[in-house]
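Pasting target.cif here (mmCIF, C-alpha atoms):
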data_input
#
loop_
_atom_site.label_atom_id
_atom_site.label_comp_id
_atom_site.auth_asym_id
_atom_site.auth_seq_id
_atom_site.Cartn_x
_atom_site.Cartn_y
_atom_site.Cartn_z
CA MET A 287 20.64 36.46 -2.05
CA GLN A 288 17.18 36.51 -0.48
CA ILE A 289 15.62 33.05 -0.08
CA THR A 290 11.91 32.85 0.60
CA ILE A 291 10.03 29.68 1.53
CA ARG A 292 6.41 29.50 0.43
CA LYS A 293 3.68 27.08 -0.48
CA GLY A 294 3.82 26.42 -4.20
CA GLY A 295 0.90 26.21 -6.54
CA ARG A 296 -0.12 24.95 -9.95
CA GLY A 297 1.92 27.73 -11.54
CA ASP A 298 5.11 26.29 -10.00
CA LEU A 299 4.48 22.71 -11.06
CA GLU A 300 6.23 22.60 -14.44
CA GLU A 301 9.28 24.37 -13.02
CA PHE A 302 9.25 21.89 -10.11
CA ILE A 303 9.19 18.90 -12.49
CA THR A 304 12.09 20.32 -14.53
CA PHE A 305 13.97 21.30 -11.37
CA LEU A 306 13.82 17.76 -9.93
CA ALA A 307 15.08 16.26 -13.18
CA GLU A 308 17.99 18.73 -13.25
CA VAL A 309 18.92 17.99 -9.62
CA ARG A 310 18.80 14.24 -10.23
CA GLU A 311 20.90 14.58 -13.40
CA GLY A 312 23.65 16.28 -11.37
CA MET A 313 23.74 13.58 -8.69
CA ALA A 314 26.53 11.01 -8.50
CA HIS A 315 24.16 8.43 -6.95
CA LYS A 316 20.98 8.67 -8.99
CA GLU A 317 19.51 5.62 -7.23
CA TRP A 318 19.18 7.77 -4.11
CA PHE A 319 16.64 10.01 -5.82
CA TYR A 320 13.48 8.52 -7.29
CA LEU A 321 11.40 10.73 -9.57
CA ASP A 322 7.72 10.15 -10.17
CA PRO A 323 6.79 10.38 -13.85
CA PRO A 324 5.75 13.98 -14.70
CA GLU A 325 2.24 12.89 -15.69
CA ASP A 326 1.78 11.30 -12.25
CA VAL A 327 2.95 14.50 -10.54
CA ARG A 328 0.49 16.57 -12.58
CA ASP A 329 -2.32 14.10 -11.84
CA MET A 330 -1.64 14.17 -8.08
CA MET A 331 -1.69 17.99 -8.11
CA ASP A 332 -4.96 17.96 -10.07
CA ARG A 333 -6.49 15.52 -7.56
CA GLU A 334 -5.21 17.67 -4.64
CA ILE A 335 -3.07 14.82 -3.29
CA LEU A 336 0.17 16.72 -3.84
CA GLU A 337 1.23 19.92 -2.07
CA LEU A 338 4.30 21.80 -3.13
CA TRP A 339 6.69 23.87 -1.03
CA VAL A 340 9.38 25.95 -2.69
CA ALA A 341 12.50 27.87 -1.68
CA MET A 342 12.90 30.76 -4.10
CA ASP A 343 15.88 33.01 -4.75
CA GLY A 344 14.04 35.75 -6.57
CA ASP A 345 12.38 33.92 -9.44
CA LYS A 346 14.80 30.96 -9.33
CA MET A 347 13.81 27.73 -7.59
CA ALA A 348 16.62 26.98 -5.13
CA GLY A 349 14.89 24.05 -3.44
CA ALA A 350 11.57 22.28 -3.31
CA LEU A 351 9.58 19.68 -1.41
CA ASP A 352 6.43 17.89 -2.34
CA ILE A 353 4.21 16.18 0.18
CA LEU A 354 1.44 13.74 -0.58
CA CYS A 355 -1.79 13.10 1.30
CA PRO A 356 -2.35 9.68 -0.28
CA GLY A 357 -5.33 8.31 1.63
CA THR A 358 -5.58 4.68 0.56
CA GLU A 359 -3.65 5.12 -2.71
CA GLU A 360 -1.11 2.35 -3.30
CA PHE A 361 1.83 4.75 -2.88
CA ASN A 362 0.97 5.45 0.77
CA TYR A 363 4.13 4.57 2.73
CA GLY A 364 1.88 3.29 5.52
CA TYR A 365 1.37 0.09 3.53
CA ASP A 366 5.09 -0.64 4.04
CA LEU A 367 4.43 -0.52 7.80
CA ASN A 368 1.21 -2.61 7.71
CA PHE A 369 -0.94 0.31 8.87
CA THR A 370 -4.64 -0.06 9.57
CA HIS A 371 -7.18 1.69 7.34
CA GLU A 372 -7.59 4.42 9.97
CA GLU A 373 -3.82 4.99 10.18
CA LEU A 374 -3.51 5.12 6.37
CA LEU A 375 -5.98 8.01 6.30
CA ARG A 376 -3.71 10.01 8.66
CA VAL A 377 -0.52 9.50 6.62
CA VAL A 378 1.33 12.27 4.85
CA ASN A 379 4.19 11.15 2.61
CA MET A 380 6.97 13.70 2.95
CA ASP A 381 7.87 12.77 -0.58
CA THR A 382 10.67 14.45 -2.54
CA ALA A 383 13.01 17.15 -1.26
CA ALA A 384 15.73 18.65 -3.43
CA VAL A 385 18.10 21.60 -3.33
CA ARG A 386 20.21 22.98 -6.19
CA ALA A 387 23.94 22.32 -5.69
CA GLU A 388 24.80 26.01 -5.32
CA TYR A 389 22.30 26.36 -2.45
CA ARG A 390 23.31 23.30 -0.44
CA GLY A 391 24.55 23.88 3.09
CA MET A 392 21.99 26.64 3.74
CA GLY A 393 19.50 24.40 5.57
CA LEU A 394 16.88 24.66 2.82
CA GLN A 395 15.78 21.02 3.03
CA ARG A 396 15.19 21.45 6.76
CA LYS A 397 13.39 24.77 6.26
CA LEU A 398 11.12 23.32 3.57
CA ILE A 399 10.19 20.36 5.78
CA GLN A 400 9.54 22.68 8.72
CA ALA A 401 7.29 24.95 6.64
CA ALA A 402 5.25 21.95 5.44
CA GLU A 403 5.05 20.53 8.97
CA GLU A 404 3.80 23.85 10.37
CA ALA A 405 0.98 23.88 7.83
CA LEU A 406 0.19 20.22 8.54
CA ALA A 407 0.09 20.84 12.30
CA GLU A 408 -2.98 23.02 11.76
CA ARG A 409 -4.77 20.01 10.25
CA GLY A 410 -4.42 17.90 13.37
CA ASN A 411 -3.36 14.35 14.04
CA ARG A 412 -1.05 13.22 11.22
CA ILE A 413 1.54 10.49 10.72
CA LEU A 414 4.44 11.81 8.65
CA LEU A 415 6.37 9.20 6.69
CA CYS A 416 9.34 9.51 4.38
CA THR A 417 11.84 7.27 2.66
CA VAL A 418 15.60 7.76 2.46
CA HIS A 419 18.26 5.64 0.79
CA PRO A 420 20.48 4.31 3.63
CA ASP A 421 23.65 5.61 1.92
CA ASN A 422 22.27 9.15 1.60
CA GLN A 423 23.73 10.23 4.91
CA PHE A 424 23.00 13.94 4.45
CA SER A 425 19.25 13.42 4.01
CA LEU A 426 19.13 10.69 6.62
CA ARG A 427 20.83 12.87 9.27
CA ASN A 428 18.60 15.77 8.29
CA VAL A 429 15.33 13.92 8.87
CA LEU A 430 16.59 12.16 12.01
CA LYS A 431 17.49 15.58 13.50
CA GLN A 432 13.90 16.68 12.80
CA GLY A 433 12.43 13.89 14.88
CA TYR A 434 11.80 11.18 12.29
CA GLU A 435 12.65 7.64 13.39
CA ILE A 436 13.63 4.67 11.22
CA GLN A 437 10.81 2.12 11.19
CA LYS A 438 11.83 -0.40 8.58
CA LYS A 439 14.16 -1.13 5.66
CA VAL A 440 12.23 -1.96 2.46
CA GLU A 441 12.77 -2.62 -1.23
CA LYS A 442 11.36 0.41 -3.02
CA TYR A 443 12.03 2.38 -6.19
CA GLY A 444 14.41 -0.26 -7.54
CA SER A 445 16.68 -0.03 -4.52
CA VAL A 446 16.51 -0.18 -0.74
CA ARG A 447 15.04 2.56 1.47
CA TYR A 448 14.47 3.29 5.10
CA VAL A 449 10.90 4.23 5.96
CA LEU A 450 10.95 6.87 8.69
CA ARG A 451 8.09 8.13 10.85
CA LYS A 452 7.19 11.21 12.85
CA ASP A 453 3.88 11.62 14.66
CA MET A 454 2.11 14.97 14.91
CA LYS A 455 -0.52 15.36 17.59
#
Mind turning the file's structure into structure tokens?
Amino acid sequence: MQITIRKGGRGDLEEFITFLAEVREGMAHKEWFYLDPPEDVRDMMDREILELWVAMDGDKMAGALDILCPGTEEFNYGYDLNFTHEELLRVVNMDTAAVRAEYRGMGLQRKLIQAAEEALAERGNRILLCTVHPDNQFSLRNVLKQGYEIQKKVEKYGSVRYVLRKDMK
């Protein structure tokens, strides 16, 4: 097994959409994992709001992460924290991370986030925000270990979520 982490592109998008649906279907707690409608995902990619990062085992998607540079779009997590206009423009939503069951325990979620963060670091001063369901202890521990800090508990995606923050200088 040879896992490679790379930036995904338009050619990976349909597989990514299917992959997320499959991962969610296999979850015991589906409320932990919100999925954007596929047409919204395609639209965000077309408008260059969405970036995709993938962990590939050959030609099989083992894990994936999408990040959003939302600007002042309503889905910017900065609105949950009452950010100023200037702060909103610096936000990156570390949006959806998923790993296939047979690849869990290999640190792929962490590696995907790190790869995205390295690319973002080259772009300068960013505020990274993510949401995690409070009961999803694996994901919560994972992002806390990577320097994200809980900012607030909010109602979001039909459930409750923590909004976490990490600043990049």
Pull the closest atom pair for each residue of region 372-439 of chain A that gets at most 10 Å from region 292-311 of chain A, along with the distance in Å to one decimal, counting all atoms listed in the file, ordering rows by chain and then ascending residue number, as a Markdown table.
| residue | atom | partner | partner_atom | distance |
| --- | --- | --- | --- | --- |
| A:Thr382 | CA | A:Leu306 | CA | 8.7 |
| A:Ala383 | CA | A:Leu306 | CA | 8.7 |
| A:Ala384 | CA | A:Leu306 | CA | 6.8 |
| A:Val385 | CA | A:Val309 | CA | 7.3 |
| A:Arg386 | CA | A:Val309 | CA | 6.2 |
| A:Ala387 | CA | A:Val309 | CA | 7.7 |
| A:Leu398 | CA | A:Arg292 | CA | 8.4 |
| A:Ala401 | CA | A:Arg292 | CA | 7.7 |
| A:Ala402 | CA | A:Lys293 | CA | 8.0 |
| A:Ala405 | CA | A:Lys293 | CA | 9.3 |
Test item: the PyMOL selection byres ((chain A and resi 350) around 6) resolved as a ChimeraX atom specification: /A:339-341,349,351,383-384
Using the chain letters and numbers from this file, what does the PyMOL selection byres ((chain A and resi 335) around 7) select? Give the answer as number ranges by chain. A: 330-331, 333-334, 336-337, 354-356
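In this structure, CA of Ile436 (chain A) sits 6.3 Å away from CA of Tyr448 (chain A).
Nearest residue to Lys452 (chain A), choosing from A:Met392, A:Leu338, A:Val327, A:Leu414 and counting only C-alpha atoms: A:Leu414.
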Do you have the CA of Tyr320 (chain A)-CA of His371 (chain A) distance handy? 26.2 Å
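Note that the spacing between CA of Trp318 (chain A) and CA of Arg412 (chain A) amounts to 26.0 Å.
Summary of the local environment: counting all atoms listed in the file, residues at most 9 Å from Thr417 (chain A), other than itself and those fewer than 4 positions away along its chain, are Tyr363, Asn379, Met380, Asp381, Thr382, Leu426, Lys442, Arg447, Tyr448, Val449 and Leu450 of chain A.
Of the listed residues A:Arg390, A:Lys346, A:Arg396, A:His315, the one whose atoms come nearest to Arg427 (chain A) is A:Arg396, with distances taken using all atoms listed in the file.
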Neighbouring residues of Gly364 (chain A) were defined as those with any atom within 10 Å, considering only C-alpha atoms; residues of the same chain fewer than 5 positions away were excluded. Please report them as a short mmCIF file (atom, residue, chain, number, x, y, z; two decimals) with C-alpha atoms, keeping the file's coordinate frame.
data_model
loop_
_atom_site.label_atom_id
_atom_site.label_comp_id
_atom_site.auth_asym_id
_atom_site.auth_seq_id
_atom_site.Cartn_x
_atom_site.Cartn_y
_atom_site.Cartn_z
CA PRO A 356 -2.35 9.68 -0.28
CA GLY A 357 -5.33 8.31 1.63
CA THR A 358 -5.58 4.68 0.56
CA PHE A 369 -0.94 0.31 8.87
CA THR A 370 -4.64 -0.06 9.57
CA HIS A 371 -7.18 1.69 7.34
CA GLU A 373 -3.82 4.99 10.18
CA LEU A 374 -3.51 5.12 6.37
CA LEU A 375 -5.98 8.01 6.30
CA ARG A 376 -3.71 10.01 8.66
CA VAL A 377 -0.52 9.50 6.62
CA VAL A 378 1.33 12.27 4.85
CA ASN A 379 4.19 11.15 2.61
CA ILE A 413 1.54 10.49 10.72
CA LEU A 414 4.44 11.81 8.65
CA LEU A 415 6.37 9.20 6.69
CA CYS A 416 9.34 9.51 4.38
CA VAL A 449 10.90 4.23 5.96
CA ARG A 451 8.09 8.13 10.85
#
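The smallest atom-to-atom distance between Val440 (chain A) and any of A:Gly391, A:Met454, A:Leu367, A:Glu408, using all atoms listed in the file, is found for A:Leu367.
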Please, what is the axis-aligned box for every listed atom of region 393-407 of chain A with 3 Å on each side, as centre and edge lengths in Å to one decimal, as JSON?
{"center_x": 9.8, "center_y": 22.6, "center_z": 7.6, "size_x": 25.4, "size_y": 10.7, "size_z": 15.5}
For a quick check of understanding, using all atoms listed in the file, which of A:Asp332, A:Glu325, A:Asp345, A:Glu403 has the smallest distance to Thr290 (chain A)? A:Asp345
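Selection result for the displayed file, with the PyMOL selection byres ((chain A and resi 287) around 8) as criterion, is Gln288, Ile289 and Asp343 of chain A.
With distances taken over all atoms listed in the file, A:Ile399 is the one residue among A:Val446, A:Ala314, A:Pro323, A:Ile399 lying closest to Asp352 (chain A).
Proximity to Gly344 (chain A) was assessed for A:Lys397, A:Ile291, A:Val429, A:Asp329 counting only C-alpha atoms; the smallest distance is recorded for A:Ile291.
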